[in-house]
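**Q** Below is final-v9.cif; it holds mmCIF, C-alpha atoms and all ligand atoms.
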data_query
#
loop_
_atom_site.label_atom_id
_atom_site.label_comp_id
_atom_site.auth_asym_id
_atom_site.auth_seq_id
_atom_site.Cartn_x
_atom_site.Cartn_y
_atom_site.Cartn_z
CA MET R 1 -0.22 -5.46 3.55
CA LYS R 2 2.09 -2.63 4.53
CA LEU R 3 3.79 -2.42 7.90
CA HIS R 4 4.71 0.74 9.71
CA GLU R 5 8.37 1.69 9.94
CA TYR R 6 8.54 0.90 13.67
CA GLN R 7 7.00 -2.53 13.12
CA ALA R 8 9.45 -3.20 10.30
CA LYS R 9 12.34 -2.13 12.49
CA GLU R 10 11.23 -4.46 15.27
CA LEU R 11 11.13 -7.34 12.80
CA LEU R 12 14.59 -6.43 11.52
CA ARG R 13 15.93 -6.27 15.05
CA SER R 14 14.52 -9.74 15.74
CA LEU R 15 16.83 -11.01 13.00
CA GLY R 16 19.83 -9.27 14.53
CA ALA R 17 19.94 -6.22 12.24
CA VAL R 18 21.29 -2.95 13.63
CA VAL R 19 18.43 -0.45 13.86
CA PRO R 20 18.05 2.64 16.07
CA ARG R 21 16.36 2.09 19.42
CA GLY R 22 13.15 3.91 20.12
CA GLY R 23 9.54 3.85 21.19
CA VAL R 24 6.12 4.43 19.70
CA ALA R 25 3.38 6.79 20.89
CA TYR R 26 -0.30 6.67 19.88
CA LYS R 27 -1.37 9.67 21.89
CA ALA R 28 0.11 12.78 23.47
CA SER R 29 0.16 11.23 26.94
CA GLU R 30 2.52 8.51 25.71
CA VAL R 31 5.01 10.88 24.13
CA ALA R 32 7.03 11.68 27.27
CA ASP R 33 7.75 8.00 28.01
CA ALA R 34 8.76 7.29 24.42
CA VAL R 35 11.12 10.27 24.46
CA ALA R 36 12.59 9.28 27.82
CA ALA R 37 13.44 5.82 26.48
CA VAL R 38 15.86 7.43 24.02
CA PRO R 39 19.16 8.47 25.64
CA GLY R 40 19.96 11.39 23.30
CA PRO R 41 21.78 13.66 22.53
CA LEU R 42 19.92 13.41 19.23
CA TRP R 43 16.26 12.42 18.80
CA VAL R 44 14.45 11.63 15.57
CA VAL R 45 10.67 11.95 15.63
CA LYS R 46 9.03 10.15 12.73
CA ALA R 47 5.40 10.19 11.63
CA GLN R 48 4.18 6.65 11.02
CA ILE R 49 2.05 6.51 7.90
CA HIS R 50 1.94 3.95 5.13
CA ALA R 51 3.63 6.21 2.62
CA GLY R 52 7.16 7.19 1.75
CA GLY R 53 8.61 10.61 1.13
CA ARG R 54 7.86 11.75 4.68
CA GLY R 55 11.11 13.67 5.01
CA LYS R 56 10.16 15.89 2.08
CA GLY R 57 6.48 15.99 3.05
CA ALA R 58 4.53 18.78 4.69
CA PHE R 59 1.83 18.88 7.34
CA LEU R 60 -1.48 20.31 6.20
CA GLU R 61 -2.32 21.60 9.63
CA GLY R 62 -0.88 21.62 13.12
CA ALA R 63 2.71 20.47 13.08
CA ARG R 64 5.30 22.87 11.66
CA THR R 65 8.43 20.81 11.88
CA GLY R 66 10.15 22.42 8.90
CA SER R 67 11.27 18.95 7.88
CA GLY R 68 8.03 17.17 7.11
CA GLY R 69 7.32 13.91 8.88
CA VAL R 70 10.91 13.38 10.06
CA ALA R 71 12.20 15.79 12.70
CA VAL R 72 15.79 15.51 13.89
CA VAL R 73 16.07 17.45 17.17
CA LYS R 74 18.64 18.01 19.91
CA SER R 75 16.58 17.94 23.09
CA ALA R 76 13.90 15.89 24.76
CA ALA R 77 11.69 18.96 24.96
CA GLU R 78 11.87 19.55 21.22
CA ALA R 79 11.23 15.86 20.58
CA GLU R 80 8.12 15.99 22.75
CA ALA R 81 6.84 19.10 21.03
CA ALA R 82 7.42 17.64 17.56
CA ALA R 83 5.73 14.33 18.43
CA ARG R 84 2.71 16.06 19.96
CA ALA R 85 2.31 18.33 16.97
CA MET R 86 2.53 15.43 14.50
CA LEU R 87 -0.08 13.29 16.24
CA GLY R 88 -3.47 13.96 14.67
CA SER R 89 -2.15 16.19 11.89
CA ARG R 90 -2.32 15.28 8.23
CA LEU R 91 0.96 14.72 6.45
CA ALA R 92 1.07 15.07 2.67
CA THR R 93 3.91 13.46 0.72
CA ILE R 94 4.41 12.63 -2.95
CA GLN R 95 2.89 9.24 -2.18
CA THR R 96 -0.21 10.29 -0.21
CA GLY R 97 -1.73 12.75 -2.67
CA PRO R 98 -2.67 16.32 -1.70
CA GLU R 99 -5.24 15.27 0.92
CA GLY R 100 -2.47 13.66 2.97
CA GLN R 101 -2.70 10.96 5.60
CA ARG R 102 -3.57 11.51 9.24
CA VAL R 103 -0.77 10.62 11.66
CA SER R 104 -2.01 8.42 14.48
CA ARG R 105 1.32 6.98 15.61
CA VAL R 106 4.77 8.48 15.99
CA TRP R 107 8.05 6.68 16.42
CA ILE R 108 10.76 8.38 18.44
CA GLU R 109 14.26 6.98 18.06
CA GLU R 110 17.88 7.74 18.82
CA GLY R 111 19.41 10.00 16.19
CA SER R 112 22.56 9.19 14.32
CA SER R 113 25.22 11.32 12.63
CA ILE R 114 25.01 10.15 9.07
CA GLU R 115 28.21 9.92 7.03
CA ARG R 116 26.73 8.32 3.96
CA GLU R 117 23.27 7.24 2.80
CA MET R 118 22.79 4.16 0.63
CA TYR R 119 19.76 2.39 -0.74
CA LEU R 120 18.91 -1.29 -0.30
CA SER R 121 15.78 -3.25 -1.08
CA LEU R 122 14.48 -6.72 -1.81
CA LEU R 123 11.64 -7.10 -4.24
CA LEU R 124 9.68 -9.78 -5.90
CA ASP R 125 10.31 -9.65 -9.64
CA ARG R 126 7.11 -11.22 -10.93
CA VAL R 127 8.35 -11.50 -14.50
CA ARG R 128 11.45 -13.43 -13.50
CA ALA R 129 9.62 -15.11 -10.59
CA ARG R 130 12.67 -14.36 -8.46
CA THR R 131 13.63 -12.24 -5.50
CA VAL R 132 15.82 -9.33 -6.59
CA ILE R 133 18.21 -7.38 -4.41
CA VAL R 134 18.39 -3.73 -5.48
CA ALA R 135 20.98 -1.34 -4.10
CA ALA R 136 22.57 2.02 -4.78
CA ALA R 137 25.61 3.71 -3.30
CA GLU R 138 23.74 7.03 -3.24
CA GLY R 139 20.53 6.56 -1.31
CA GLY R 140 18.30 8.73 0.83
CA MET R 141 15.65 11.14 -0.29
CA GLY R 142 17.07 11.57 -3.82
CA ILE R 143 16.67 7.92 -4.83
CA GLU R 144 13.80 8.52 -7.26
CA GLU R 145 15.85 11.15 -9.06
CA LEU R 146 18.87 8.84 -9.21
CA ALA R 147 16.73 6.05 -10.67
CA ALA R 148 15.38 8.42 -13.31
CA LYS R 149 18.62 10.19 -14.25
CA SER R 150 21.31 7.55 -13.73
CA PRO R 151 19.63 4.14 -13.83
CA GLU R 152 23.04 2.52 -14.36
CA LYS R 153 23.87 3.38 -10.75
CA ILE R 154 21.12 1.08 -9.49
CA LEU R 155 22.65 -2.32 -8.76
CA ARG R 156 20.71 -5.58 -9.02
CA ILE R 157 21.38 -9.16 -8.03
CA VAL R 158 18.75 -11.79 -8.81
CA LEU R 159 18.54 -14.58 -6.23
CA ASP R 160 18.48 -18.10 -7.56
CA PRO R 161 15.90 -19.99 -5.48
CA ALA R 162 17.79 -23.25 -6.00
CA VAL R 163 20.86 -21.74 -4.32
CA GLY R 164 19.37 -19.10 -2.03
CA TRP R 165 21.77 -17.02 -0.01
CA SER R 166 25.50 -17.38 -0.46
CA PRO R 167 28.21 -15.20 1.05
CA TRP R 168 29.51 -13.96 -2.32
CA ILE R 169 26.26 -12.04 -2.79
CA GLY R 170 26.99 -9.93 0.28
CA ARG R 171 30.63 -9.40 -0.64
CA ARG R 172 29.87 -8.53 -4.26
CA MET R 173 27.12 -6.06 -3.33
CA ALA R 174 29.23 -4.50 -0.54
CA GLU R 175 32.13 -4.01 -2.91
CA ARG R 176 29.91 -2.36 -5.53
CA LEU R 177 28.56 -0.05 -2.83
CA GLY R 178 32.13 0.97 -2.02
CA LEU R 179 32.19 -0.52 1.49
CA GLU R 180 35.41 -1.54 3.20
CA GLY R 181 36.70 -3.60 6.11
CA ALA R 182 34.23 -4.32 8.88
CA GLN R 183 31.44 -2.65 6.88
CA VAL R 184 31.57 -5.47 4.32
CA ARG R 185 30.95 -7.97 7.11
CA ASP R 186 28.20 -5.87 8.73
CA PHE R 187 26.49 -5.25 5.40
CA SER R 188 26.65 -8.93 4.46
CA ARG R 189 25.12 -9.91 7.80
CA LEU R 190 22.31 -7.45 7.33
CA LEU R 191 21.63 -8.55 3.76
CA LYS R 192 21.61 -12.19 4.80
CA SER R 193 19.04 -11.38 7.50
CA LEU R 194 16.91 -9.53 4.97
CA VAL R 195 16.99 -12.48 2.57
CA GLU R 196 15.93 -14.77 5.43
CA GLY R 197 13.25 -12.35 6.57
CA PHE R 198 11.92 -11.91 3.06
CA GLU R 199 11.14 -15.60 2.94
CA ALA R 200 10.10 -16.11 6.54
CA TRP R 201 7.63 -13.21 6.43
CA ASP R 202 6.32 -13.87 2.90
CA ALA R 203 7.34 -10.32 2.10
CA SER R 204 6.80 -8.81 -1.31
CA MET R 205 9.07 -5.88 -0.50
CA ILE R 206 11.65 -4.83 2.05
CA GLU R 207 13.20 -1.41 1.59
CA ILE R 208 15.92 0.21 3.66
CA ASN R 209 16.36 3.82 2.61
CA PRO R 210 18.57 5.16 3.87
CA LEU R 211 20.90 2.39 4.82
CA ALA R 212 23.41 4.65 6.51
CA ILE R 213 27.02 4.58 7.48
CA VAL R 214 26.96 6.48 10.72
CA LYS R 215 29.72 8.20 12.66
CA GLY R 216 32.04 5.53 13.98
CA GLY R 217 31.52 3.45 10.82
CA ALA R 218 28.55 1.25 11.71
CA VAL R 219 26.09 0.25 8.98
CA MET R 220 22.58 1.02 10.18
CA ALA R 221 19.03 0.74 8.82
CA LEU R 222 17.61 4.21 9.48
CA ASP R 223 14.35 3.62 7.64
CA ALA R 224 12.50 0.40 6.93
CA LYS R 225 9.50 -0.43 4.83
CA ILE R 226 8.09 -3.95 4.64
CA GLN R 227 5.15 -5.22 2.64
CA ILE R 228 3.69 -8.65 3.27
CA ASP R 229 2.01 -10.64 0.51
CA ASP R 230 -1.72 -10.47 1.35
CA SER R 231 -2.25 -13.99 0.05
CA ALA R 232 0.16 -15.35 2.66
CA LEU R 233 -1.31 -13.59 5.70
CA PHE R 234 -3.40 -16.63 6.61
CA ARG R 235 -0.23 -18.48 7.51
CA ARG R 236 1.47 -15.53 9.21
CA PRO R 237 -1.05 -14.62 11.91
CA GLU R 238 1.61 -12.79 13.96
CA LEU R 239 2.18 -10.47 11.00
CA ALA R 240 -1.50 -10.16 10.11
CA ALA R 241 -2.01 -8.88 13.68
CA LEU R 242 0.24 -5.91 12.89
CA GLU R 243 -2.23 -4.49 10.40
CA ASP R 244 -3.27 -0.88 11.00
CA PRO R 245 -6.78 -0.61 9.53
CA GLY R 246 -6.68 3.16 10.02
CA GLU R 247 -4.27 3.38 7.09
CA SER R 248 -6.62 2.04 4.43
CA ALA R 249 -9.44 4.04 2.87
CA PRO R 250 -12.86 3.20 4.41
CA GLU R 251 -14.11 1.73 1.12
CA GLU R 252 -11.07 -0.50 0.90
CA ARG R 253 -11.63 -1.69 4.44
CA GLU R 254 -15.26 -2.52 3.74
CA ALA R 255 -14.30 -4.29 0.52
CA GLN R 256 -11.77 -6.35 2.44
CA GLU R 257 -14.36 -7.34 5.02
CA HIS R 258 -16.61 -8.68 2.29
CA ASP R 259 -13.76 -10.31 0.41
CA LEU R 260 -14.20 -8.11 -2.64
CA SER R 261 -11.37 -7.04 -4.94
CA TYR R 262 -11.71 -3.27 -4.99
CA VAL R 263 -9.35 -0.65 -6.32
CA LYS R 264 -10.29 3.02 -6.38
CA LEU R 265 -9.47 4.81 -9.65
CA ASP R 266 -9.85 8.43 -10.65
CA GLY R 267 -12.67 8.33 -13.22
CA ASP R 268 -16.42 8.79 -12.67
CA ILE R 269 -18.04 5.52 -13.79
CA GLY R 270 -18.58 3.01 -11.00
CA CYS R 271 -18.18 -0.59 -12.15
CA MET R 272 -19.40 -3.81 -10.62
CA VAL R 273 -18.23 -6.87 -12.46
CA ASN R 274 -17.64 -10.54 -11.73
CA GLY R 275 -14.24 -11.92 -12.61
CA ALA R 276 -11.00 -9.97 -12.98
CA GLY R 277 -10.80 -10.62 -16.73
CA LEU R 278 -14.29 -9.31 -17.33
CA ALA R 279 -13.55 -6.35 -15.04
CA MET R 280 -10.53 -5.41 -17.11
CA ALA R 281 -12.42 -5.88 -20.39
CA THR R 282 -15.17 -3.66 -18.98
CA MET R 283 -12.70 -0.93 -18.07
CA ASP R 284 -11.21 -1.15 -21.57
CA MET R 285 -14.65 -0.83 -23.14
CA ILE R 286 -15.46 2.20 -21.01
CA SER R 287 -12.20 3.85 -22.05
CA LEU R 288 -12.84 2.96 -25.68
CA SER R 289 -16.23 4.68 -25.43
CA GLY R 290 -14.54 7.82 -24.14
CA GLY R 291 -15.27 7.34 -20.42
CA SER R 292 -13.16 6.66 -17.39
CA PRO R 293 -13.79 4.09 -14.62
CA ALA R 294 -14.04 5.24 -10.98
CA ASN R 295 -13.03 1.87 -9.64
CA PHE R 296 -12.21 -1.73 -10.30
CA LEU R 297 -14.57 -3.98 -8.41
CA ASP R 298 -14.65 -7.71 -8.86
CA VAL R 299 -17.32 -9.43 -6.76
CA GLY R 300 -15.83 -12.81 -7.64
CA GLY R 301 -17.43 -16.00 -8.79
CA GLY R 302 -19.67 -17.10 -5.95
CA ALA R 303 -21.07 -13.86 -4.54
CA ASP R 304 -24.41 -13.87 -2.73
CA ALA R 305 -26.94 -11.04 -2.63
CA GLU R 306 -25.36 -9.68 0.54
CA LYS R 307 -21.93 -9.40 -1.04
CA VAL R 308 -23.39 -7.77 -4.13
CA GLU R 309 -25.22 -5.33 -1.90
CA ALA R 310 -21.98 -4.45 -0.09
CA ALA R 311 -20.20 -3.97 -3.41
CA PHE R 312 -22.92 -1.72 -4.72
CA ARG R 313 -22.93 0.29 -1.49
CA ILE R 314 -19.19 0.91 -1.78
CA ILE R 315 -19.62 2.18 -5.33
CA LEU R 316 -22.57 4.44 -4.52
CA ARG R 317 -20.84 6.00 -1.56
CA ASP R 318 -18.06 7.32 -3.80
CA SER R 319 -19.06 10.91 -4.58
CA ALA R 320 -16.95 10.87 -7.76
CA VAL R 321 -19.30 8.27 -9.28
CA LYS R 322 -21.65 9.87 -11.84
CA ALA R 323 -23.05 6.64 -13.31
CA VAL R 324 -22.84 2.95 -12.50
CA LEU R 325 -22.33 -0.01 -14.79
CA VAL R 326 -23.16 -3.48 -13.56
CA ASN R 327 -21.73 -6.01 -15.98
CA ILE R 328 -22.26 -9.58 -14.88
CA PHE R 329 -21.83 -12.83 -16.67
CA GLY R 330 -23.74 -15.46 -14.74
CA GLY R 331 -21.82 -18.68 -15.00
CA ILE R 332 -21.55 -20.00 -11.49
CA MET R 333 -23.13 -16.75 -10.41
CA ARG R 334 -26.88 -16.41 -10.84
CA CYS R 335 -28.24 -13.27 -12.45
CA ASP R 336 -31.27 -13.15 -10.15
CA VAL R 337 -28.99 -13.09 -7.10
CA ILE R 338 -27.09 -10.16 -8.59
CA ALA R 339 -30.29 -8.31 -9.39
CA GLU R 340 -31.59 -8.84 -5.87
CA GLY R 341 -28.41 -7.44 -4.31
CA VAL R 342 -28.42 -4.42 -6.62
CA VAL R 343 -32.06 -3.64 -5.86
CA ARG R 344 -31.55 -3.99 -2.11
CA ALA R 345 -28.53 -1.70 -2.08
CA ALA R 346 -30.12 0.86 -4.40
CA ARG R 347 -33.26 1.00 -2.24
CA GLY R 348 -31.28 1.22 0.98
CA LEU R 349 -29.09 4.07 -0.19
CA GLY R 350 -31.36 5.81 -2.67
CA LEU R 351 -30.06 5.62 -6.20
CA GLN R 352 -28.99 9.14 -7.24
CA VAL R 353 -27.08 8.30 -10.42
CA PRO R 354 -27.98 6.52 -13.65
CA LEU R 355 -27.59 2.75 -13.56
CA VAL R 356 -26.78 0.65 -16.61
CA VAL R 357 -27.02 -3.11 -16.26
CA ARG R 358 -25.86 -5.81 -18.56
CA LEU R 359 -26.76 -9.30 -17.40
CA GLU R 360 -26.04 -12.48 -19.27
CA GLY R 361 -26.07 -16.15 -18.36
CA THR R 362 -27.73 -18.29 -15.71
CA ARG R 363 -31.27 -17.19 -14.78
CA VAL R 364 -30.93 -14.01 -16.79
CA ALA R 365 -34.69 -13.69 -17.42
CA GLU R 366 -35.41 -13.86 -13.68
CA GLY R 367 -32.69 -11.29 -13.03
CA ARG R 368 -34.09 -8.86 -15.59
CA ALA R 369 -37.57 -9.34 -14.19
CA ILE R 370 -36.39 -8.42 -10.67
CA LEU R 371 -34.82 -5.21 -12.00
CA GLU R 372 -37.90 -4.32 -14.06
CA GLN R 373 -40.29 -4.89 -11.18
CA SER R 374 -38.13 -2.98 -8.71
CA GLY R 375 -39.30 0.40 -9.93
CA LEU R 376 -35.69 1.52 -10.17
CA GLU R 377 -34.64 3.44 -13.23
CA VAL R 378 -32.38 0.94 -14.90
CA VAL R 379 -31.00 1.09 -18.41
CA ALA R 380 -30.85 -2.49 -19.67
CA ALA R 381 -28.00 -3.01 -22.11
CA ARG R 382 -27.90 -5.63 -24.85
CA ASP R 383 -24.18 -6.34 -24.83
CA LEU R 384 -20.93 -4.99 -23.45
CA ALA R 385 -20.35 -2.42 -26.20
CA ASP R 386 -23.90 -1.14 -25.80
CA ALA R 387 -23.50 -1.05 -22.00
CA ALA R 388 -20.23 0.88 -22.18
CA SER R 389 -21.53 3.56 -24.52
CA ALA R 390 -24.76 3.87 -22.53
CA VAL R 391 -22.96 4.38 -19.21
CA VAL R 392 -20.49 6.85 -20.71
CA ALA R 393 -23.39 8.86 -22.14
CA ALA R 394 -25.21 8.67 -18.80
CA ALA R 395 -22.17 9.90 -16.88
CA ARG R 396 -21.75 12.74 -19.33
CA GLY R 397 -25.39 13.68 -18.90
CA ALA R 398 -25.11 13.54 -15.11
CA ARG R 399 -22.02 15.71 -15.17
CA GLY R 400 -23.80 18.28 -17.35
CA ARG R 401 -26.66 18.59 -14.88
P1 LIG D 501 11.11 8.94 4.28
O1 LIG D 501 11.34 10.33 3.74
O2 LIG D 501 9.65 8.66 4.49
O3 LIG D 501 11.76 7.88 3.46
O4 LIG D 501 11.74 8.91 5.74
P2 LIG D 501 13.22 8.49 6.24
O5 LIG D 501 13.07 7.68 7.45
O6 LIG D 501 14.02 7.88 5.16
O7 LIG D 501 13.86 9.86 6.68
C1 LIG D 501 14.15 10.87 5.74
C2 LIG D 501 15.55 11.42 5.95
O8 LIG D 501 15.70 11.89 7.29
C3 LIG D 501 16.66 10.40 5.77
O9 LIG D 501 17.00 10.22 4.42
C4 LIG D 501 17.77 11.03 6.57
O10 LIG D 501 18.50 11.93 5.77
C5 LIG D 501 17.04 11.79 7.66
N1 LIG D 501 17.20 11.05 8.92
C6 LIG D 501 16.53 9.97 9.34
N2 LIG D 501 17.03 9.52 10.53
C7 LIG D 501 18.06 10.35 10.84
C8 LIG D 501 19.00 10.42 11.93
O11 LIG D 501 19.00 9.62 12.85
N3 LIG D 501 19.90 11.43 11.89
C9 LIG D 501 19.93 12.34 10.88
N4 LIG D 501 20.82 13.31 10.91
N5 LIG D 501 19.08 12.29 9.86
C10 LIG D 501 18.16 11.33 9.83
MN MN D 502 13.26 6.56 3.66
#
How does this structure look as structure tokens?

**A**
Amino acid sequence: MKLHEYQAKELLRSLGAVVPRGGVAYKASEVADAVAAVPGPLWVVKAQIHAGGRGKGAFLEGARTGSGGVAVVKSAAEAEAAARAMLGSRLATIQTGPEGQRVSRVWIEEGSSIEREMYLSLLLDRVRARTVIVAAAEGGMGIEELAAKSPEKILRIVLDPAVGWSPWIGRRMAERLGLEGAQVRDFSRLLKSLVEGFEAWDASMIEINPLAIVKGGAVMALDAKIQIDDSALFRRPELAALEDPGESAPEEREAQEHDLSYVKLDGDIGCMVNGAGLAMATMDMISLSGGSPANFLDVGGGADAEKVEAAFRIILRDSAVKAVLVNIFGGIMRCDVIAEGVVRAARGLGLQVPLVVRLEGTRVAEGRAILEQSGLEVVAARDLADAASAVVAAARGARGR
């Protein structure tokens, strides 16, 4: 789960980190108060969306800030105007795709004179099964370019879970970032807080970019991105409460509600499969047959007809889907339950695209019978290879129409 920048900054502040003060506004009527809470003389108005690259982004309508989703302005009036224009407009960045993301919250904070921008993040390295601290002396909006062109400038320290934090980590990293004097102490304090927060919040990522040295020498987190491990949200209710459902695609929200693993992809064959392994094998088979999956959808092991119906509804609602493949191996799952859910959803929504079904396993005969008697036009496949080539051909046919 991703947090908004302002939520991340509040969490950082709770650990004693130095972050700019500010306020959040959800609607135009709240803008004036949020602006008034910032003393000036510099205001930064920042669109809150779950995507990076806001500074280099552009609004698709409405707001014309000239600086994307981050406007640095010199008066309260300008701050108000920028915040009002951002609210409700769509901001497109390299991470949102061309359709952009609608801004429904803005964060207005005190501006700083930046002397230097650095990069700092904590990540979970799943291969090493360790937390890794990543930093660079040259941060800010050019970090992707730096990583691509001069990867040797990206510094890494892997945390040993048996040891955890020790002060040398802060000193070593600070030195490699070229910090001096009080900055070494300030940086070390911040990094120590981040390491603590990473564990206490079950974070999978914390990113501070830029970590700035501001006029006067202070080390300050000017941007903050935090991601919480979804699997840990059950034990972090105070973090789970920070979720902004408006930031996820409607299909993803519905999938979440029904406890389905759903990932939208850019092909045109909708897939409903049980088990992540089978889902991946199915996507491979589709690719091998020359097609391209529109999604990854795993209904899991113990789905009931209702869950299957929800899954099927999500697939059918996607206008990119030109054909659907249902590939189910009934182990714990019963094939007749699957068939029932598919028929219910297809009837409810009206099946407009070809449907290929491959069922195998427990109560397969009953499942096939339900599909046959439903009156739906279903292509029954013998095996996975047959199913994949049938659905690819069907999608091609549908596209040609
Ligand atoms: P991102 O593009 O989504 O990562 O948004 P950031 O919060 O990182 O803001 C983008 C850029 O805006 C930063 O790299 C800074 O250069 C600039 N910026 C952010 N806050 C301030 C500020 O207080 N003062 C100044 N002068 N620039 C700022
Ligand atoms: Mn940033």

**Q** Find the nearest atom pair between each residue of stretch 205-316 of chain R and stretch 347-358 of chain R for residues within 10 Å, count only C-alpha atoms, give distances in Å to one decimal, sort rows by chain and ascending number, and present the table as JSON lines.

**A**
{"residue": "R:Ile269", "atom": "CA", "partner": "R:Leu355", "partner_atom": "CA", "distance": 9.9}
{"residue": "R:Gly270", "atom": "CA", "partner": "R:Leu355", "partner_atom": "CA", "distance": 9.4}
{"residue": "R:Cys271", "atom": "CA", "partner": "R:Val356", "partner_atom": "CA", "distance": 9.8}
{"residue": "R:Met272", "atom": "CA", "partner": "R:Val357", "partner_atom": "CA", "distance": 9.5}
{"residue": "R:Val273", "atom": "CA", "partner": "R:Arg358", "partner_atom": "CA", "distance": 9.8}
{"residue": "R:Glu309", "atom": "CA", "partner": "R:Gly348", "partner_atom": "CA", "distance": 9.4}
{"residue": "R:Phe312", "atom": "CA", "partner": "R:Leu349", "partner_atom": "CA", "distance": 9.6}
{"residue": "R:Arg313", "atom": "CA", "partner": "R:Leu349", "partner_atom": "CA", "distance": 7.3}
{"residue": "R:Leu316", "atom": "CA", "partner": "R:Leu351", "partner_atom": "CA", "distance": 7.8}

**Q** Excluding R:Glu109 and its own-chain neighbours fewer than 2 positions away, which residues fall within 7 Å of it when counting only C-alpha atoms? Please give them as a PyMOL selection string.

**A** chain R and resi 20-23+38+43-45+107+111

**Q** Any residue with an atom at most 9 Å from ligand MN 502 (chain D) counts, using all atoms listed in the file. Which are they? Put them as a list in words.

**A** Gly52, Gly53, Arg54, Gly55, Tyr119, Gly139, Gly140, Met141, Glu207, Ile208, Asn209, Pro210, Leu211, Leu222, Asp223, Ala224 and Lys225 of chain R

**Q** Find, counting all atoms listed in the file, the residue in R:Leu376, R:Ala79, R:Ala249, R:Val72 that gets nearest to ligand LIG 501 (chain D).

**A**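 Distance minimum relative to ligand LIG 501 (chain D) lands on R:Val72.
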
**Q** If you take every atom of ligand LIG 501 (chain D) that the file lists and fit an axis-aligned box around them with 4 Å extra on each side, what centre and edge lengths come out in Å to one decimal, as JSON?

**A**
{"center_x": 15.2, "center_y": 10.5, "center_z": 8.2, "size_x": 19.2, "size_y": 13.6, "size_z": 17.4}

**Q** Which one is closest to R:Arg128: R:Arg334, R:Asp268, R:Ser75, R:Val158? Count only C-alpha atoms.

**A** R:Val158

**Q** State, in Å with one decimal place, the distance from atom CA of R:Arg13 to atom CA of R:Gly178.

**A** 24.6 Å

**Q** Kindly indicate which residue among R:Gly330, R:Gly375, R:Gly164, R:Pro237 lies nearest to R:Glu360, using all atoms listed in the file for the distances.

**A**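 Closest to R:Glu360 of all the choices is R:Gly330.
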
**Q** What is the atom O2 of ligand LIG 501 (chain D)-atom CA of R:Val70 distance in Å, reported with one decimal?

**A** 7.4 Å

**Q** Might you pull out every residue within 12 Å of R:Ala394, with only C-alpha atoms counted and same-chain residues fewer than 4 positions away left off, and present them as a PyMOL selection string?

**A** chain R and resi 268-270+286+289-291+321-325+353-356+378-379+387-390+398-401
